[in-house]
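Data block for structure_22.cif (mmCIF, C-alpha atoms and all ligand atoms):
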data_structure
#
loop_
_atom_site.label_atom_id
_atom_site.label_comp_id
_atom_site.auth_asym_id
_atom_site.auth_seq_id
_atom_site.Cartn_x
_atom_site.Cartn_y
_atom_site.Cartn_z
CA MET A 1 -71.45 83.53 31.52
CA ARG A 2 -72.21 85.12 28.21
CA PHE A 3 -74.31 83.26 25.65
CA PRO A 4 -73.25 81.98 23.19
CA GLU A 5 -69.65 83.23 23.41
CA ASP A 6 -68.77 81.49 26.68
CA VAL A 7 -70.40 78.15 25.94
CA PRO A 8 -67.50 75.70 25.73
CA VAL A 9 -67.31 73.40 22.73
CA LEU A 10 -66.86 69.80 23.87
CA THR A 11 -65.90 67.28 21.28
CA ASP A 12 -64.68 63.76 20.64
CA ALA A 13 -64.08 62.04 17.32
CA ASP A 14 -67.77 61.73 16.39
CA VAL A 15 -69.82 64.17 18.43
CA THR A 16 -69.57 67.92 19.00
CA LEU A 17 -71.39 69.74 21.78
CA ARG A 18 -71.81 73.47 21.17
CA ALA A 19 -74.11 76.40 21.90
CA HIS A 20 -77.57 76.26 20.35
CA ARG A 21 -78.23 78.49 17.34
CA PRO A 22 -81.49 79.88 15.94
CA ALA A 23 -80.87 77.63 12.92
CA ASP A 24 -81.41 74.58 15.23
CA ILE A 25 -85.00 75.54 16.02
CA ASP A 26 -86.69 73.67 13.18
CA LEU A 27 -84.75 70.46 13.81
CA ALA A 28 -85.39 70.71 17.57
CA TYR A 29 -89.10 71.22 16.90
CA ALA A 30 -89.18 68.28 14.46
CA GLY A 31 -87.32 66.05 16.96
CA CYS A 32 -89.93 66.77 19.63
CA GLN A 33 -92.73 65.37 17.42
CA ASP A 34 -91.30 61.89 17.98
CA PRO A 35 -93.62 59.70 20.14
CA ALA A 36 -90.65 58.65 22.33
CA MET A 37 -90.23 62.29 23.35
CA ALA A 38 -93.88 62.47 24.40
CA GLU A 39 -93.63 59.21 26.34
CA TRP A 40 -90.29 59.63 28.10
CA THR A 41 -89.77 63.36 28.60
CA THR A 42 -91.71 66.23 30.10
CA ILE A 43 -91.98 68.40 26.96
CA PRO A 44 -95.31 70.24 26.55
CA LEU A 45 -97.91 68.46 24.40
CA PRO A 46 -98.78 69.23 21.71
CA TYR A 47 -95.26 70.48 21.10
CA LEU A 48 -95.49 73.68 19.06
CA ARG A 49 -92.79 75.51 17.15
CA GLU A 50 -93.08 78.35 19.68
CA HIS A 51 -92.02 75.94 22.44
CA ALA A 52 -88.79 75.24 20.56
CA VAL A 53 -88.27 78.96 19.97
CA ASP A 54 -88.72 79.69 23.68
CA TYR A 55 -86.45 76.81 24.78
CA LEU A 56 -83.61 77.59 22.40
CA THR A 57 -83.68 81.38 22.45
CA VAL A 58 -84.85 82.19 26.00
CA GLN A 59 -84.54 79.29 28.46
CA ILE A 60 -81.21 77.87 27.32
CA PRO A 61 -79.41 81.24 27.04
CA ASP A 62 -80.84 82.27 30.45
CA GLY A 63 -79.56 79.03 31.97
CA TRP A 64 -75.99 79.85 30.89
CA ARG A 65 -76.24 83.51 31.88
CA ASN A 66 -77.63 82.70 35.33
CA ASP A 67 -75.43 79.65 35.91
CA THR A 68 -78.46 77.45 36.56
CA GLN A 69 -78.56 75.17 33.52
CA TYR A 70 -75.89 74.25 30.98
CA ALA A 71 -77.45 72.94 27.77
CA TRP A 72 -75.52 71.99 24.64
CA ALA A 73 -76.65 71.24 21.13
CA ILE A 74 -75.44 67.81 20.05
CA GLU A 75 -74.02 68.04 16.55
CA VAL A 76 -73.49 64.94 14.42
CA ASP A 77 -72.37 64.94 10.78
CA GLY A 78 -72.53 68.76 10.84
CA LYS A 79 -76.22 68.83 11.87
CA TYR A 80 -78.13 69.53 15.09
CA ALA A 81 -79.15 66.12 16.48
CA GLY A 82 -80.31 66.73 20.05
CA THR A 83 -79.73 68.42 23.37
CA VAL A 84 -77.95 67.43 26.58
CA ASP A 85 -78.03 69.54 29.72
CA LEU A 86 -76.70 69.76 33.26
CA ARG A 87 -78.77 71.53 35.89
CA ASP A 88 -79.50 72.05 39.59
CA GLY A 89 -75.88 71.74 40.69
CA GLN A 90 -76.21 73.31 44.13
CA GLY A 91 -73.96 71.67 46.70
CA GLY A 92 -71.95 69.90 44.04
CA VAL A 93 -74.70 67.50 42.93
CA GLY A 94 -76.71 68.09 39.79
CA GLU A 95 -78.82 66.35 37.19
CA VAL A 96 -78.36 65.45 33.56
CA GLY A 97 -81.07 65.31 30.88
CA PHE A 98 -80.81 64.38 27.20
CA SER A 99 -82.51 63.49 23.96
CA VAL A 100 -81.39 62.85 20.40
CA SER A 101 -83.39 62.79 17.21
CA PRO A 102 -84.66 59.42 15.97
CA GLU A 103 -82.41 59.48 12.86
CA VAL A 104 -79.17 59.19 14.84
CA ARG A 105 -80.28 56.85 17.63
CA GLY A 106 -78.55 53.56 18.29
CA ARG A 107 -75.16 54.79 17.02
CA GLY A 108 -73.70 55.57 20.42
CA VAL A 109 -74.16 59.33 19.96
CA MET A 110 -75.82 59.87 23.32
CA THR A 111 -73.33 57.73 25.22
CA ARG A 112 -70.45 59.81 23.86
CA ALA A 113 -72.25 63.10 24.49
CA LEU A 114 -73.05 62.00 28.04
CA ARG A 115 -69.41 61.14 28.82
CA LEU A 116 -68.37 64.58 27.52
CA VAL A 117 -70.78 66.46 29.79
CA LEU A 118 -69.94 64.26 32.78
CA ARG A 119 -66.27 65.18 32.41
CA TYR A 120 -67.34 68.83 32.18
CA ALA A 121 -69.49 68.51 35.33
CA PHE A 122 -66.66 66.97 37.33
CA ASP A 123 -63.61 68.74 35.91
CA ARG A 124 -64.94 72.21 35.07
CA LEU A 125 -68.01 72.73 37.27
CA GLY A 126 -66.42 70.86 40.16
CA TRP A 127 -69.49 68.75 40.83
CA ASP A 128 -69.13 65.64 43.00
CA ARG A 129 -72.03 63.65 41.61
CA VAL A 130 -74.46 63.61 38.70
CA ILE A 131 -77.97 62.19 38.93
CA TRP A 132 -79.78 60.51 36.04
CA ARG A 133 -83.54 60.07 36.22
CA ALA A 134 -85.87 58.36 33.75
CA PHE A 135 -89.43 57.11 33.77
CA VAL A 136 -89.57 53.37 34.44
CA GLY A 137 -89.48 51.47 31.15
CA ASN A 138 -87.19 53.87 29.28
CA TYR A 139 -84.60 51.21 28.52
CA ALA A 140 -82.85 53.25 25.82
CA SER A 141 -82.09 55.96 28.37
CA ARG A 142 -81.20 53.42 31.05
CA ARG A 143 -78.76 51.74 28.71
CA VAL A 144 -77.05 55.03 27.87
CA ALA A 145 -76.74 55.82 31.59
CA TRP A 146 -75.43 52.30 32.32
CA LYS A 147 -72.87 52.53 29.51
CA ALA A 148 -71.62 55.89 30.83
CA GLY A 149 -71.07 54.48 34.34
CA PHE A 150 -74.24 55.41 36.27
CA ARG A 151 -74.79 52.93 39.10
CA GLY A 152 -76.90 52.09 42.15
CA LEU A 153 -80.16 52.20 40.21
CA VAL A 154 -83.28 52.39 42.36
CA THR A 155 -86.94 52.66 41.46
CA VAL A 156 -88.86 55.47 43.12
CA PRO A 157 -92.62 54.80 42.96
CA GLY A 158 -94.33 57.95 41.75
CA GLY A 159 -90.99 59.78 41.78
CA GLY A 160 -91.44 61.32 38.33
CA LEU A 161 -93.85 63.99 37.20
CA ALA A 162 -94.95 64.45 33.59
CA ARG A 163 -97.51 67.13 32.78
CA GLY A 164 -99.16 66.80 36.19
CA VAL A 165 -99.17 62.99 36.26
CA ARG A 166 -96.98 61.03 38.68
CA LYS A 167 -94.95 58.17 37.21
CA ASP A 168 -92.55 55.62 38.64
CA GLU A 169 -88.99 56.66 38.13
CA TRP A 170 -85.54 55.12 37.93
CA VAL A 171 -82.69 57.04 39.55
CA ALA A 172 -78.96 56.30 39.36
CA THR A 173 -75.86 58.39 39.94
CA VAL A 174 -72.19 58.60 39.04
CA GLY A 175 -69.51 60.23 41.20
CA ARG A 176 -66.46 62.26 40.23
CA ASP A 177 -64.01 59.42 40.95
CA ASP A 178 -66.11 56.71 39.31
CA GLU A 179 -65.09 55.10 36.06
CA LEU A 180 -67.43 56.23 33.26
CA GLU A 181 -67.86 52.61 32.18
CA PRO A 182 -70.65 50.04 32.69
CA GLN A 183 -70.89 48.54 36.16
CA GLY A 184 -72.09 44.94 36.29
CA HIS A 185 -73.70 43.00 33.49
CA TRP A 186 -76.69 43.83 31.32
CA TRP A 187 -77.56 40.33 30.16
CA THR A 188 -78.97 39.73 26.73
CA VAL A 189 -81.34 36.86 25.95
CA PRO A 190 -80.00 34.93 22.97
CA GLU A 191 -82.31 32.72 20.94
CA LEU A 192 -81.39 29.11 21.58
CA GLU A 193 -82.78 26.33 19.45
CA GLY A 194 -82.59 22.55 19.63
CA GLY A 195 -84.55 19.37 20.26
CA GLY A 196 -87.64 20.74 18.55
CA ILE A 197 -88.03 23.88 20.69
CA ARG A 198 -86.88 27.47 20.62
CA LEU A 199 -85.96 29.65 23.58
CA ARG A 200 -86.41 33.39 23.11
CA GLU A 201 -86.99 36.52 25.17
CA LEU A 202 -90.41 36.83 26.81
CA ARG A 203 -92.74 39.26 25.03
CA ASP A 204 -95.76 41.24 26.18
CA SER A 205 -97.86 39.05 23.88
CA ASP A 206 -96.97 35.98 26.02
CA ALA A 207 -98.94 37.34 28.98
CA GLN A 208 -102.06 35.24 28.39
CA ARG A 209 -100.09 31.97 28.21
CA VAL A 210 -98.04 32.99 31.26
CA GLN A 211 -101.24 33.57 33.17
CA GLU A 212 -102.63 30.17 32.14
CA ALA A 213 -99.40 28.42 33.13
CA CYS A 214 -99.05 30.19 36.47
CA SER A 215 -102.66 29.83 37.54
CA ASP A 216 -102.51 26.08 36.84
CA GLU A 217 -103.07 23.95 39.94
CA ARG A 218 -99.74 22.13 39.81
CA THR A 219 -97.72 25.31 39.21
CA GLN A 220 -99.51 26.94 42.11
CA TYR A 221 -98.90 23.91 44.33
CA TRP A 222 -95.15 23.64 43.77
CA LEU A 223 -94.37 27.33 43.41
CA SER A 224 -96.22 28.58 46.44
CA GLY A 225 -94.79 32.09 46.18
CA MET A 226 -96.86 32.75 43.05
CA PRO A 227 -99.73 35.22 43.51
CA ALA A 228 -103.08 33.46 43.91
CA PRO A 229 -105.29 34.03 42.06
CA TYR A 230 -102.76 34.68 39.30
CA GLN A 231 -104.17 37.49 37.15
CA LEU A 232 -103.24 38.78 33.69
CA THR A 233 -101.69 41.82 35.40
CA ASP A 234 -99.41 39.47 37.38
CA ALA A 235 -98.26 37.92 34.10
CA GLU A 236 -97.63 41.34 32.59
CA GLY A 237 -95.70 42.37 35.70
CA PHE A 238 -93.65 39.17 35.56
CA ILE A 239 -92.66 39.82 31.93
CA ARG A 240 -91.71 43.42 32.76
CA SER A 241 -89.75 42.32 35.82
CA ARG A 242 -87.64 39.90 33.75
CA LYS A 243 -86.50 42.75 31.50
CA HIS A 244 -85.50 44.72 34.58
CA ALA A 245 -83.70 41.69 36.09
CA GLN A 246 -81.73 41.23 32.85
CA ALA A 247 -80.71 44.90 32.76
CA SER A 248 -79.73 44.73 36.45
CA GLY A 249 -77.54 41.67 35.88
CA ASP A 250 -79.64 39.51 38.23
CA ALA A 251 -81.25 36.97 35.92
CA VAL A 252 -81.92 35.81 32.39
CA ALA A 253 -85.34 34.40 31.48
CA TRP A 254 -86.48 32.69 28.32
CA ALA A 255 -89.83 31.71 26.92
CA ALA A 256 -89.68 28.13 25.62
CA VAL A 257 -91.81 28.27 22.48
CA ASP A 258 -93.06 26.08 19.68
CA PRO A 259 -90.67 26.96 16.82
CA VAL A 260 -93.51 26.88 14.28
CA THR A 261 -96.35 28.69 16.07
CA ASP A 262 -94.19 30.70 18.51
CA GLU A 263 -96.68 29.79 21.25
CA LEU A 264 -95.24 29.85 24.77
CA LEU A 265 -94.84 26.36 26.21
CA GLY A 266 -92.96 27.25 29.38
CA ASN A 267 -90.44 29.47 31.07
CA VAL A 268 -86.86 28.80 32.12
CA SER A 269 -84.63 31.23 34.00
CA ILE A 270 -81.15 31.41 35.42
CA PHE A 271 -81.27 33.72 38.40
CA ASP A 272 -79.31 34.82 41.46
CA LEU A 273 -76.48 35.72 39.08
CA GLN A 274 -75.27 38.32 41.58
CA HIS A 275 -75.09 35.88 44.48
CA ARG A 276 -73.84 37.71 47.55
CA ILE A 277 -70.60 35.75 47.86
CA ASP A 278 -70.04 34.00 44.55
CA ARG A 279 -70.69 35.64 41.17
CA THR A 280 -69.86 32.42 39.30
CA VAL A 281 -73.00 30.52 40.33
CA GLY A 282 -76.56 30.63 39.08
CA GLU A 283 -79.82 28.94 39.94
CA ILE A 284 -82.15 27.41 37.39
CA GLY A 285 -85.91 27.71 37.75
CA TYR A 286 -88.80 26.83 35.45
CA TRP A 287 -92.44 26.12 34.93
CA MET A 288 -94.45 24.67 32.05
CA HIS A 289 -97.85 25.44 30.58
CA PRO A 290 -100.06 22.45 31.50
CA ALA A 291 -100.93 21.73 27.85
CA ALA A 292 -97.25 21.31 26.96
CA ARG A 293 -96.17 19.02 29.82
CA GLY A 294 -95.00 15.44 29.41
CA ARG A 295 -93.13 16.04 26.13
CA LYS A 296 -89.66 16.65 27.58
CA VAL A 297 -89.82 20.31 26.61
CA MET A 298 -88.33 21.47 29.93
CA THR A 299 -85.63 18.80 29.92
CA THR A 300 -84.57 20.08 26.50
CA ALA A 301 -84.87 23.75 27.54
CA VAL A 302 -82.69 23.25 30.62
CA GLY A 303 -80.08 21.50 28.48
CA LEU A 304 -79.97 24.53 26.18
CA VAL A 305 -79.60 27.06 28.99
CA ILE A 306 -76.90 24.98 30.74
CA ALA A 307 -74.69 25.31 27.67
CA HIS A 308 -75.30 29.08 27.61
CA ALA A 309 -74.62 29.41 31.34
CA PHE A 310 -71.24 27.70 31.15
CA LYS A 311 -70.10 29.57 28.05
CA PRO A 312 -67.55 32.33 28.88
CA ILE A 313 -68.87 35.88 29.12
CA ASP A 314 -66.59 37.13 26.34
CA GLU A 315 -68.17 34.52 24.06
CA GLY A 316 -71.67 35.79 24.88
CA GLY A 317 -72.46 33.34 27.68
CA LEU A 318 -72.99 33.78 31.41
CA GLY A 319 -69.54 32.57 32.49
CA ARG A 320 -70.92 30.33 35.23
CA ARG A 321 -68.90 27.66 37.03
CA ARG A 322 -71.68 26.04 39.02
CA LEU A 323 -75.43 25.77 38.58
CA VAL A 324 -77.91 24.97 41.31
CA LEU A 325 -81.43 23.61 40.95
CA MET A 326 -83.87 23.10 43.79
CA ALA A 327 -87.04 21.03 43.86
CA ALA A 328 -89.41 20.27 46.69
CA GLU A 329 -89.30 16.62 47.75
CA GLY A 330 -92.20 14.96 45.99
CA ASN A 331 -91.97 17.09 42.86
CA THR A 332 -90.88 14.14 40.76
CA ALA A 333 -91.33 15.89 37.40
CA SER A 334 -88.91 18.63 38.42
CA ALA A 335 -86.42 16.15 39.90
CA HIS A 336 -86.53 14.30 36.61
CA VAL A 337 -85.60 17.45 34.63
CA ALA A 338 -82.57 17.93 36.93
CA GLU A 339 -81.44 14.32 36.79
CA ALA A 340 -81.94 14.01 33.02
CA ASN A 341 -79.58 16.96 32.63
CA GLY A 342 -76.83 15.42 34.73
CA PHE A 343 -77.38 17.36 37.96
CA THR A 344 -76.16 15.68 41.15
CA LEU A 345 -78.37 15.53 44.22
CA VAL A 346 -76.09 17.06 46.83
CA GLY A 347 -78.42 17.21 49.77
CA THR A 348 -81.83 17.83 51.18
CA GLU A 349 -82.70 20.85 53.26
CA ARG A 350 -85.28 19.92 55.85
CA ALA A 351 -88.63 21.72 55.93
CA ALA A 352 -87.28 24.41 53.58
CA SER A 353 -89.94 24.64 50.87
CA PRO A 354 -93.09 26.47 52.03
CA ARG A 355 -96.50 25.13 51.04
CA ARG A 356 -99.65 27.19 50.75
CA ASP A 357 -101.27 25.27 53.61
CA GLY A 358 -98.63 26.56 56.02
CA ASN A 359 -96.59 23.34 56.06
CA TYR A 360 -93.09 22.87 54.66
CA ASP A 361 -91.66 20.24 52.34
CA ASN A 362 -88.05 19.10 52.37
CA LEU A 363 -86.11 20.73 49.56
CA ARG A 364 -83.79 18.76 47.32
CA ILE A 365 -80.66 20.58 46.22
CA TYR A 366 -79.03 19.61 42.94
CA ASP A 367 -75.91 21.05 41.40
CA LEU A 368 -73.95 20.82 38.18
CA LEU A 369 -70.36 21.96 37.73
CA ALA A 370 -68.92 23.12 34.43
CA THR A 371 -66.31 20.40 34.95
CA ASP A 372 -69.06 17.74 35.06
CA ILE A 373 -69.71 18.02 31.33
C1 LIG B 1 -82.40 57.85 25.14
C2 LIG B 1 -81.77 58.34 23.85
C3 LIG B 1 -81.21 59.72 24.10
C4 LIG B 1 -80.63 57.39 23.43
O1 LIG B 1 -79.91 57.97 22.36
P1 LIG B 1 -78.94 57.10 21.42
O2 LIG B 1 -78.03 58.00 20.66
O3 LIG B 1 -79.76 56.12 20.66
O4 LIG B 1 -78.05 56.35 22.49
P2 LIG B 1 -76.84 55.35 22.21
O5 LIG B 1 -76.81 54.93 20.77
O6 LIG B 1 -75.62 55.98 22.79
O7 LIG B 1 -77.20 54.12 23.12
C5 LIG B 1 -78.49 53.58 23.07
C6 LIG B 1 -78.40 52.14 23.55
O8 LIG B 1 -79.67 51.75 24.00
C7 LIG B 1 -80.06 50.59 23.31
N1 LIG B 1 -81.50 50.61 23.26
C8 LIG B 1 -82.29 51.38 22.51
N2 LIG B 1 -83.57 51.09 22.79
C9 LIG B 1 -83.55 50.13 23.74
C10 LIG B 1 -84.55 49.41 24.45
N3 LIG B 1 -85.85 49.66 24.26
N4 LIG B 1 -84.16 48.47 25.34
C11 LIG B 1 -82.85 48.23 25.55
N5 LIG B 1 -81.87 48.88 24.93
C12 LIG B 1 -82.23 49.83 24.04
C13 LIG B 1 -79.34 50.69 21.98
O9 LIG B 1 -79.25 49.44 21.36
C14 LIG B 1 -77.99 51.21 22.44
O10 LIG B 1 -77.22 50.20 23.05
P3 LIG B 1 -75.95 49.52 22.31
O11 LIG B 1 -75.05 50.64 21.90
O12 LIG B 1 -75.33 48.65 23.32
O13 LIG B 1 -76.54 48.83 21.14
C15 LIG B 1 -82.81 58.40 22.70
O14 LIG B 1 -83.41 57.14 22.58
C16 LIG B 1 -83.89 59.45 22.91
O15 LIG B 1 -83.70 60.60 22.57
N6 LIG B 1 -85.07 59.04 23.46
C17 LIG B 1 -86.16 59.96 23.69
C18 LIG B 1 -85.83 60.98 24.79
C19 LIG B 1 -85.42 60.32 26.07
O16 LIG B 1 -85.90 59.27 26.42
N7 LIG B 1 -84.54 61.00 26.81
C20 LIG B 1 -84.08 60.52 28.10
C21 LIG B 1 -85.05 60.90 29.13
S1 LIG B 1 -84.53 60.28 30.70
#
Transcribe the structure of this file into structure tokens.
Ligand SMILES: CC(C)(COP(=O)(O)OP(=O)(O)OC[C@H]1O[C@@H](n2cnc3c(N)ncnc32)[C@H](O)[C@@H]1OP(=O)(O)O)[C@@H](O)C(=O)NCCC(=O)NCCS
Amino acid sequence: MRFPEDVPVLTDADVTLRAHRPADIDLAYAGCQDPAMAEWTTIPLPYLREHAVDYLTVQIPDGWRNDTQYAWAIEVDGKYAGTVDLRDGQGGVGEVGFSVSPEVRGRGVMTRALRLVLRYAFDRLGWDRVIWRAFVGNYASRRVAWKAGFRGLVTVPGGGLARGVRKDEWVATVGRDDELEPQGHWWTVPELEGGGIRLRELRDSDAQRVQEACSDERTQYWLSGMPAPYQLTDAEGFIRSRKHAQASGDAVAWAAVDPVTDELLGNVSIFDLQHRIDRTVGEIGYWMHPAARGRKVMTTAVGLVIAHAFKPIDEGGLGRRRLVLMAAEGNTASAHVAEANGFTLVGTERAASPRRDGNYDNLRIYDLLATDI
């Protein structure tokens, strides 16, 4: 193909994709000074103006001429706002990469640009599948990919490479016959308040309190799957894993906090939201910081999340029909939380709750139907 004459202009109501121009160089250079670009992409660091000159005037034109990489300038409000490219399409499968400048982020620009290039990949290049890759933790990129229909996300340990350093990577794909729409839920964590407590999303700054709560003797006794000893890094990993579980549609977790000091008092989650046979159920799990026990905090917290769980999805809830809660026989505090919230004891599984000493407790199964309340 000839550059720039043969570069197709792709456009929807708000975004235009077109060939890069020398006039874009300064904006491309400025955009690459953003810390998010350093963290989440493989651009050279420090990023010099000559890098932008080389990318826009040599690499991108060569990609079109040699049919190896198809990169478009993203234009918004008449100005260069980023770049999106398709590359490595041998055998009908290729990759997409993208970035937009900080000023236009969060307006859906990238999602629209991505749908435009996906249609181009499938309809004009004849590709069968497009691969998206991002370093683990790049939730803005993951959300764009999710919104444009990428699916089957997996984590590849050490799969990414940035300036000689290996990083864990997320990979997802979308196929030519797939709908370019989100697959599954990306749960949000609404703030819920009542009964003198607040429930909010877990934050990195909660790690110390999480560690204290999870290394407590009683927590360790009843939740025998917890790492022992429970280190600060375990707490940090737990907080990170909840964000991933929410984005994957698997679970929603809240920190129960003191509404005045914001100190974490406990944790409550609804998980198994993608149960293998019934997507209308969810399981409730929780633990409390030892210093906050005995004040009905968890009874109140569970009451708040029940209401959220039964609320329809189109009203911002989880659209559940049935909730399950399990407690080892003998864990009277946990049984009390279930019973105080109207759960029914529906049975006891024998020798189903592993203890650290190698023995098993019976496991009490409680449930609550939306029709119960
Ligand atoms: C990734 C990037 C291109 C997104 O561009 P954008 O125009 O803001 O994308 P959109 O507005 O279409 O969508 C972004 C979505 O992510 C959400 N988002 C942003 N940061 C987020 C975060 N940390 N966690 C969760 N969601 C986040 C936004 O709220 C928005 O979702 P919404 O429309 O449902 O509100 C932009 O952030 C960027 O250029 N980052 C640096 C480069 C980069 O990471 N490139 C990808 C490498 S794989």
Q: Dump as a list in words all residues having an atom at most 7 Å from (-75.9, 24.0, 39.4), computed in the file's coordinates with all atoms listed in the file.
A: Gly282, Glu283, Arg322, Leu323, Val324, Leu325, Phe343, Tyr366, Asp367, Leu368 and Leu369 of chain A
**Q.** Nearby residues (all atoms listed in the file) at most 9 Å from segment 153-164 of chain A, same-chain spacing under 6 positions excluded, as an MDAnalysis selection string
**A.** chainID A and resid 40:45 133:136 170:173 248
Q.
Show me which residues are within 10 Å of ligand LIG 1 (chain B) counting all atoms listed in the file, and format the list as a PyMOL selection string.
A. chain A and resi 31-32+34-43+81-84+96-114+132-148+169-171+186+188+243+247
Q | Residue among A:Ile25, A:Ala19, A:Leu223, A:Ala338 lying closest to Ile306 of chain A, counting all atoms listed in the file | A | A:Ala338
Q: Give the answer as one residue: which of A:Ala328, A:Ile197, A:Leu10, A:Val268 has the shortest atom-to-atom distance to Lys296 of chain A, using only C-alpha atoms?
A: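 So, comparing all the options, the nearest one is A:Ile197.
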Q) Given the choices A:Leu202, A:Ala52, A:Leu17, A:Leu118, which gets closest to Tyr29 of chain A if the distance is worked out from only C-alpha atoms? A) A:Ala52
**Q.** Selection as a PyMOL selection string: residues within 12 Å of (-86.3, 22.8, 29.2), counting all atoms listed in the file
**A.** chain A and resi 192-199+253-257+265-270+284-289+292-307+333-334+336-338+340-341
Q | Given all atoms listed in the file as the counted atoms, nearest of A:Val281, A:Val76, A:Ala207, A:Leu232 to Glu263 of chain A | A |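 Result for the nearest residue to Glu263 of chain A: A:Ala207.
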**Q.** Option closest in space to Leu180 of chain A, from A:Phe3, A:Tyr230, A:Tyr47, A:Phe122 [counting only C-alpha atoms]
**A.** A:Phe122
With 4 Å added on each side, what axis-aligned box encloses every listed atom of segment 326-332 of chain A? Give the centre and edge lengths in Å to one decimal, as AutoDock Vina command-line options.
--center_x -88.0 --center_y 18.6 --center_z 44.3 --size_x 16.3 --size_y 17.0 --size_z 15.0
Q: May I have the residues within 9 Å of Gly225 of chain A as a PyMOL selection string, using all atoms listed in the file and disregarding those fewer than 5 positions away in the same chain?
A: chain A and resi 220+354-356
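The gap separating atom CA of Gly184 of chain A from atom CA of Leu125 of chain A is 28.1 Å, in Å to one decimal.
Residue nearest Arg218 of chain A within the list A:Thr332, A:Pro61, A:Asn362, A:His20: A:Thr332 [criterion: smallest interatomic distance, all atoms listed in the file].
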Q: Please measure the separation of atom CA of Asp128 of chain A and atom CA of Gly152 of chain A, giving the value in Å to one decimal.
A: 15.6 Å
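The space separating atom CA of Val174 of chain A from atom CA of Gly63 of chain A comes to 22.8 Å.
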Q: Excluding Ala309 of chain A and any residue of its chain fewer than 6 positions from it, enumerate the residues within 7 Å of it, using all atoms listed in the file, and give them as an MDAnalysis selection string.
A: chainID A and resid 317:320
